[in-house]
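Everything below concerns the one structure shown next.
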Protein chains: 2
Amino acid sequence: MSVKRVKSLLFYEAAGTPSGRIVRTLIEKGPLSAREIGLSTGLAKSTVSTALAGLRAVSMVVDRPPNRQNHGVGRPATTVSLNPQAGTCVGLLIGAEHMQLIVADVSHAVLFDRTLLLGVDHKVEEVPGKAAVMLAQAYAELSLSRDTLLGVGIAVGGPVNPMDGRMLRPGGMPNWAGVDIRAMFEPVLQQAVFADNESNCSAIAEMTWGAAVGYEDFVFFTVDLGVGGAIVAHGRVVTGIAGGAGEFGHISIDPEGELCRCGNRGCLELQASLRKPLELASRRFGRAVGSEELIELALGGDVGCQRLLTDTAEAAGRGLAMVGSAINPGLVVLGGRAALAGELFMAPLEAAYDHHTLVKRSDVAPEAQTRFVASRYTRNSACMGAVGMVLRHYGRRA
Amino acid sequence: MSVKRVKSLLFYEAAGTPSGRIVRTLIEKGPLSAREIGLSTGLAKSTVSTALAGLRAVSMVVDRPPNRQNHGVGRPATTVSLNPQAGTCVGLLIGAEHMQLIVADVSHAVLFDRTLLLGVDHKVEEVPGKAAVMLAQAYAELSLSRDTLLGVGIAVGGPVNPMDGRMLRPGGMPNWAGVDIRAMFEPVLQQAVFADNESNCSAIAEMTWGAAVGYEDFVFFTVDLGVGGAIVAHGRVVTGIAGGAGEFGHISIDPEGELCRCGNRGCLELQASLRKPLELASRRFGRAVGSEELIELALGGDVGCQRLLTDTAEAAGRGLAMVGSAINPGLVVLGGRAALAGELFMAPLEAAYDHHTLVKRSDVAPEAQTRFVASRYTRNSACMGAVGMVLRHYGRRA
């Protein structure tokens with residue numbers, strides 16, 4: 001089984017073949033039962049059955065035994081997966097201080113996950129070379145041929161213009177502003193490169209493996225040292241014309257407020273990120289307090305730290321309520337380290353959202369209410385999402 | 001040619017046939033060239049060509065001569081249209097005081113357009129009967145068989161819950177709150193009924209025939225006696241879990257502000273609708289001034305009326321900038337009567353948007369900037385959109 005077979009089947013997708021649609025669905029969603037394939041593709045049961053027989057015959061798909069733990073009632077269904085040897089992909093997260101690399105196969109199994117320190121003062125132009133070395137190491141350690149590699153997804157800490165692949169000025173990594181990620185990495189990695197900001201990648205991780213599986217529409221909302229997120233509509237991330245969608249932290253809630261690093265005034269981030277409570281906690285304890293410690297202290301019963309977090313959650317919920325009146329999402333996935341505080345943060349967030357948004361819980365039946373859940377990949381979402389980005393976009397690039 | 005043929009081909013869509021995909025595309029987008037059909041469906045040129053030959057043979061599609069006026073350079077292309085006799089659909093707009101009914105065929109030609117006064121105190125339960133009479137009259141006058149009718153789209157002045165078809169509490173028509181539109185109209189009209197709020201319908205009109213043709217992603221933003229709109233992402237309207245998406249007028253911009261009719265405080269609508277300038281103008285002239293008159297006075301050079309409109313545009317632009325930081329749309333279509341003021345309203349709206357949103361014009365190349373255009377259907381959009389809703393949703397309803 002060579003990677004070419006995945007490529008050729010995706011090519012047939014354009015001619016509308018059921019096989020092509022099934023391969024695309026399995027690439028995006030991971031292992032599914034025949035029934036789930038029918039629901040996802042809209043194909044008739046008999047059509048799915050015929051196409052799967054053909055795909056099995058060429059070893060493109062393999063059957064997996066039913067997973068008994070996931071089924072409470074009824075006969076557990078056998079799931080169909082792409083043959084893990086049909087292809088691999090790489091996710092790369094480039095943060096302000098470090099770089100993470102994950103290798104996964106097309107059946108969605110993670111084969112390799114490692115982090116490299118770059119240092120705060122890293123030189124941008126040195127990063128592609130370091131990534132190439134890391135990637136070569138990974139494939140050597142895994143004894144895998146590079147020919148299996150479908151592409152590299154890169155998650156970066158700021159908006160990426162989908163038109164020209166360049167990072168925008170307003171972002172968390174000023175030294176990367178204006179850099180064309182694809183043009184910089186493709187010649188060094190010698191692979192198809194897909195780039196997007198880390199929030200959009202995190203949303204892909206949540207919809208592929210995490211808290212948003214099965215949702216076609218949701219909002220991913222992160223509260224950490226910054227505030228951000230992503231919008232997924234009709235099963236796909238909304239990027240915005242210039243890559244600026246989901247920048248919830250830079251909704252200007254007070255046009256005469258404090259100056260923000262983005263150049264506007266009174267951005268939500270100034271009220272609703274963890275920076276403010278961290279400053280106050282550090283002053284109170286007379287030493288630097290980090291996000292994890294603040295949350296641990298609060299969960300351990302420190303009423304001061306609890307109050308700092310609930311005040312932040314309230315401000316965040318009020319801002320998110322604005323997004324709610326515009327989008328009325330069925331699901332909000334809370335990411336960032338604030339999610340580690342669990343109900344302590346989630347409850348006041350949800351209450352403030354309901355208080356300030358248009359459609360309130362009391363207006364509608366439970367199934368039409370906005371659900372709030374914590375991210376499954378709070379610490380690892382962007383890099384997993386970079387893998388998911390390759391799975392989704394591979395073969396679709398113009 | 002009977003309507004059954006449209007139905008049967010849409011059924012084949014589920015089996016993934018190219019013919020089914022082409023019929024769906026022509027229903028949604030109206031007449032297209034063979035090349036445009038290829039781009040829209042993703043089908044190969046030869047596949048399109050073979051399928052069209054089959055559809056021509058059964059009179060499902062007809063060729064239209066090229067429209068020379070629309071082509072500046074090159075050879076004008078023949079377009080393919082669905083056979084107008086393959087089906088008709090009805091759009092119904094139910095406003096606070098009147099009801100409008102439009103009949104169009106599947107080639108997108110409008111055959112009938114009439115408005116009936118209901119009166120402010122109309123009884124909700126009498127409306128379906130009046131609609132049935134109007135519909136019967138229309139088909140009699142057109143000498144058309146009711147068998148051609150695919151369905152009736154109903155646009156109403158408030159959010160409709162897509163889960164149960166009921167109108168929500170927060171909306172412009174309080175006497176309709178809680179009414180299940182489909183359940184009320186289907187037995188009387190004896191037709192498939194599709195219901196949505198007028199802003200979502202207007203967005204469908206703009207993307208089908210108006211200012212947003214060719215855009216897969218845009219924001220429709222209305223400024224009239226209220227402020228509202230719709231979001232289109234990936235070619236489809238974002239309804240929200242309870243139908244509450246696009247309610248931009250009820251973004252609470254000041255949690256300690258004035259009470260709004262929706263029950264929240266400080267909603268954008270209180271600052272950015274035409275109500276406030278109309279009150280001020282009426283006080284100034286010592287008599288009631290309506291929206292059209294205010295705009296005419298401003299366009300005629302009255303500096304006071306100009307200032308009332310530009311102040312409103314600025315407030316609206318600041319609110320829209322919040323939506324911009326969340327969605328970063330490629331296109332904003334301005335609807336509602338404010339659009340009748342042209343550049344007088346549009347210029348300060350756009351300037352305020354740019355001033356307060358995250359991604360500014362100066363950050364990106366022209367093709368990645370947010371464009372602002374006036375709605376094409378400022379006075380007639382919701383009812384045309386109700387027709388478009390049938391064209392889009394027919395055959396897809398569960």
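Lettering and numbering for the structure tokens are positional, with chains as A, B, ... in the shown order, residues counted from 1 in each chain, and ligands counted from 1 in the shown order.
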Residues of chain A at most 6 Å from chain B: nearest atom pair and distance in Å, only C-alpha atoms, as CSV:
residue,atom,partner,partner_atom,distance
A:Ala14,CA,B:Leu43,CA,5.5
A:Ala15,CA,B:Leu43,CA,5.4
A:Gly42,CA,B:Ala14,CA,5.7
A:Leu43,CA,B:Ala15,CA,5.4
A:Gly240,CA,B:Asn328,CA,4.5
A:Ile241,CA,B:Gly330,CA,4.7
A:Ala242,CA,B:Ala368,CA,5.1
A:Gly244,CA,B:Asn328,CA,5.3
A:Ala245,CA,B:Ile327,CA,4.2
A:Gly246,CA,B:Ala326,CA,4.6
A:Glu247,CA,B:Ala326,CA,5.4
A:Phe248,CA,B:Ala326,CA,5.4
A:Ile251,CA,B:Met322,CA,5.0
A:Met322,CA,B:Ile251,CA,5.0
A:Ser325,CA,B:Glu247,CA,5.5
A:Ala326,CA,B:Gly246,CA,4.6
A:Ile327,CA,B:Ala245,CA,4.2
A:Asn328,CA,B:Gly240,CA,4.5
A:Pro329,CA,B:Gly240,CA,5.4
A:Gly330,CA,B:Ile241,CA,4.7
A:Ala368,CA,B:Ala242,CA,5.1
| Contact residues around range 373-376 of chain B with only C-alpha atoms at 8 Å, ignoring same-chain residues under 5 positions, as a list in words |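 These residues fall inside the cut-off: Glu206, Gly210, Ala211, Leu331, Val332, Val333, Leu334, Gly335, Ala339, Gly342 and Ser381 of chain B.
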| field | range 53-56 of chain A surroundings by only C-alpha atoms, 10 Å radius, close-in-sequence under 3 positions cut, as a PyMOL selection string | value | chain A and resi 9+19-20+22-23+48-50+59-63+80+82-83
| Which distance in Å separates CA of Arg24 in chain A and CA of Val219 in chain A, to one decimal? |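 These two atoms are separated by 24.0 Å.
CA of Arg275 in chain B lies 11.7 Å from CA of Ala288 in chain B.
Per DSSP on the backbone, alpha helix (DSSP H) in range 65-162 of chain A comprises A:Val127, A:Pro128, A:Gly129, A:Lys130, A:Ala131, A:Ala132, A:Val133, A:Met134, A:Leu135, A:Ala136, A:Gln137, A:Ala138, A:Tyr139, A:Ala140, A:Glu141.
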Could you write out the selected residues, including C-alpha atoms, as a PDB file, in the first residue's frame?
ATOM      1  CA  VAL A 127      13.087  27.513  12.688  1.00  0.00           C
ATOM      2  CA  PRO A 128      12.386  25.687   9.371  1.00  0.00           C
ATOM      3  CA  GLY A 129      15.799  24.000   9.519  1.00  0.00           C
ATOM      4  CA  LYS A 130      15.231  22.900  13.114  1.00  0.00           C
ATOM      5  CA  ALA A 131      11.819  21.537  12.128  1.00  0.00           C
ATOM      6  CA  ALA A 132      13.388  19.588   9.242  1.00  0.00           C
ATOM      7  CA  VAL A 133      15.901  17.956  11.611  1.00  0.00           C
ATOM      8  CA  MET A 134      13.146  17.044  14.076  1.00  0.00           C
ATOM      9  CA  LEU A 135      10.992  15.605  11.304  1.00  0.00           C
ATOM     10  CA  ALA A 136      13.871  13.498   9.941  1.00  0.00           C
ATOM     11  CA  GLN A 137      14.563  12.180  13.458  1.00  0.00           C
ATOM     12  CA  ALA A 138      10.913  11.250  13.941  1.00  0.00           C
ATOM     13  CA  TYR A 139      10.695   9.237  10.723  1.00  0.00           C
ATOM     14  CA  ALA A 140      14.036   7.545  11.444  1.00  0.00           C
ATOM     15  CA  GLU A 141      12.956   6.563  14.972  1.00  0.00           C
TER      16      GLU A 141
END
| Out of B:Phe112, B:Gly165, B:Val223, B:Phe185, which residue has the shortest atom-to-atom distance to Ser143 in chain B when counting only C-alpha atoms? | B:Phe112
| request: Please identify all polymer residues within 12 Å of Gln306 in chain B, counting only C-alpha atoms, omitting same-chain residues fewer than 3 positions from it, and present them as JSON, numbers by chain. | output: {"B": [277, 278, 281, 293, 294, 295, 296, 297, 298, 299, 300, 301, 302, 303, 309, 310, 311, 312, 313, 338, 341, 342, 343, 344, 345, 348]}
Writer output for current selection, N, CA and C atoms, as a tab-separated table (two decimals), in the first residue's frame:
chain	number	residue	atom	x	y	z
B	277	PRO	N	-32.56	58.94	15.67
B	277	PRO	CA	-32.58	60.12	14.79
B	277	PRO	C	-33.99	60.54	14.39
B	278	LEU	N	-34.90	59.57	14.26
B	278	LEU	CA	-36.27	59.95	13.89
B	278	LEU	C	-36.95	60.73	15.01
B	281	ALA	N	-35.37	64.21	14.96
B	281	ALA	CA	-35.84	64.99	13.80
B	281	ALA	C	-37.29	65.41	14.00
B	293	GLU	N	-38.32	60.14	4.72
B	293	GLU	CA	-38.24	61.60	4.70
B	293	GLU	C	-36.93	62.08	5.30
B	294	LEU	N	-36.54	61.48	6.42
B	294	LEU	CA	-35.28	61.87	7.06
B	294	LEU	C	-34.12	61.72	6.07
B	295	ILE	N	-34.11	60.60	5.37
B	295	ILE	CA	-33.03	60.34	4.41
B	295	ILE	C	-33.09	61.32	3.24
B	296	GLU	N	-34.30	61.61	2.76
B	296	GLU	CA	-34.43	62.59	1.66
B	296	GLU	C	-33.95	63.97	2.08
B	297	LEU	N	-34.33	64.37	3.30
B	297	LEU	CA	-33.89	65.68	3.79
B	297	LEU	C	-32.36	65.74	3.86
B	298	ALA	N	-31.78	64.65	4.38
B	298	ALA	CA	-30.31	64.61	4.51
B	298	ALA	C	-29.65	64.67	3.13
B	299	LEU	N	-30.16	63.86	2.20
B	299	LEU	CA	-29.58	63.84	0.86
B	299	LEU	C	-29.81	65.18	0.15
B	300	GLY	N	-30.88	65.90	0.54
B	300	GLY	CA	-31.17	67.20	-0.05
B	300	GLY	C	-30.32	68.33	0.51
B	301	GLY	N	-29.50	68.02	1.54
B	301	GLY	CA	-28.57	69.03	2.04
B	301	GLY	C	-28.85	69.53	3.44
B	302	ASP	N	-29.87	69.02	4.13
B	302	ASP	CA	-30.16	69.46	5.51
B	302	ASP	C	-29.05	68.95	6.44
B	303	VAL	N	-28.21	69.86	6.93
B	303	VAL	CA	-27.04	69.43	7.70
B	303	VAL	C	-27.42	68.76	9.03
B	309	LEU	N	-27.90	61.16	10.82
B	309	LEU	CA	-27.60	59.89	10.13
B	309	LEU	C	-26.15	59.46	10.31
B	310	THR	N	-25.22	60.43	10.22
B	310	THR	CA	-23.80	60.03	10.34
B	310	THR	C	-23.48	59.58	11.78
B	311	ASP	N	-24.11	60.22	12.77
B	311	ASP	CA	-23.92	59.75	14.15
B	311	ASP	C	-24.42	58.32	14.31
B	312	THR	N	-25.56	58.02	13.71
B	312	THR	CA	-26.11	56.67	13.78
B	312	THR	C	-25.19	55.68	13.07
B	313	ALA	N	-24.68	56.09	11.92
B	313	ALA	CA	-23.78	55.22	11.16
B	313	ALA	C	-22.52	54.92	11.97
B	338	ALA	N	-31.57	52.43	6.04
B	338	ALA	CA	-30.34	53.23	6.11
B	338	ALA	C	-29.54	53.11	4.81
B	341	ALA	N	-29.64	55.80	2.10
B	341	ALA	CA	-28.87	57.04	2.23
B	341	ALA	C	-27.53	56.97	1.49
B	342	GLY	N	-27.19	55.80	0.98
B	342	GLY	CA	-25.98	55.67	0.18
B	342	GLY	C	-24.71	56.01	0.96
B	343	GLU	N	-23.77	56.68	0.29
B	343	GLU	CA	-22.47	56.97	0.89
B	343	GLU	C	-22.56	57.80	2.17
B	344	LEU	N	-23.61	58.63	2.26
B	344	LEU	CA	-23.80	59.45	3.46
B	344	LEU	C	-23.81	58.58	4.72
B	345	PHE	N	-24.38	57.37	4.61
B	345	PHE	CA	-24.41	56.45	5.74
B	345	PHE	C	-23.23	55.47	5.67
B	348	PRO	N	-19.31	56.81	6.91
B	348	PRO	CA	-18.99	56.80	8.35
B	348	PRO	C	-19.14	55.42	8.99
| What's the 10 Å shell around Val110 in chain A, counting only C-alpha atoms, without same-chain residues fewer than 3 positions away, as a PyMOL selection string? | chain A and resi 88-90+102-107+113+384+387
Would you mind exporting the chosen residues as an mmCIF file, in the first residue's frame, restricted to C-alpha atoms?
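Result written to again12.cif:
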data_model
loop_
_atom_site.group_PDB
_atom_site.id
_atom_site.type_symbol
_atom_site.label_atom_id
_atom_site.label_comp_id
_atom_site.auth_asym_id
_atom_site.auth_seq_id
_atom_site.Cartn_x
_atom_site.Cartn_y
_atom_site.Cartn_z
ATOM 1 C CA THR A 88 1.041 9.771 7.706
ATOM 2 C CA CYS A 89 0.945 13.453 8.524
ATOM 3 C CA VAL A 90 2.855 15.863 10.713
ATOM 4 C CA ILE A 102 3.480 15.221 16.254
ATOM 5 C CA VAL A 103 3.344 12.400 13.681
ATOM 6 C CA ALA A 104 0.030 10.596 13.120
ATOM 7 C CA ASP A 105 -1.226 8.142 10.535
ATOM 8 C CA VAL A 106 -4.418 8.412 8.449
ATOM 9 C CA SER A 107 -6.237 6.139 10.890
ATOM 10 C CA ASP A 113 5.057 13.597 20.014
ATOM 11 C CA MET A 384 -3.074 17.890 17.356
ATOM 12 C CA VAL A 387 -2.353 17.179 12.243
#
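Note that CA of Lys276 in chain A and CA of Met99 in chain A are 26.8 Å apart.
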| task | Choose the residue, out of A:Cys383, A:Val188, A:Ile37, A:Met389, that has the smallest atom-to-atom separation from Gly95 in chain A; count only C-alpha atoms. | result |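 With only C-alpha atoms as the atom set, the closest residue is A:Cys383.
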With only C-alpha atoms as the counted atoms, please give the residues lying no more than 8 Å from Ile204 in chain A, apart from itself and same-chain residues fewer than 4 positions off, as a PDB file with C-alpha atoms, in the first residue's frame.
ATOM      1  CA  ASN A 200      -8.267  27.452  14.489  1.00  0.00           C
ATOM      2  CA  THR A 208     -11.892  15.646  15.155  1.00  0.00           C
ATOM      3  CA  VAL A 237     -13.530  26.621  10.528  1.00  0.00           C
ATOM      4  CA  GLY A 385      -5.161  20.321  15.309  1.00  0.00           C
ATOM      5  CA  ALA A 386      -2.241  20.924  12.957  1.00  0.00           C
ATOM      6  CA  GLY A 388      -6.106  17.454  11.712  1.00  0.00           C
ATOM      7  CA  MET A 389      -5.572  20.355   9.323  1.00  0.00           C
TER       8      MET A 389
END
| Could you pull the residues within 9 Å of Asn197 in chain B, counting only C-alpha atoms, minus those fewer than 6 positions along the same chain, as an NGL selection string? | :B and (154-160 or 167 or 243 or 382)
| DSSP strand (DSSP E) residues within range 102-236 of chain B, listed as a PyMOL selection string | chain B and resi 102-105+110-117+149-156+193-197+218-223+227-233+236
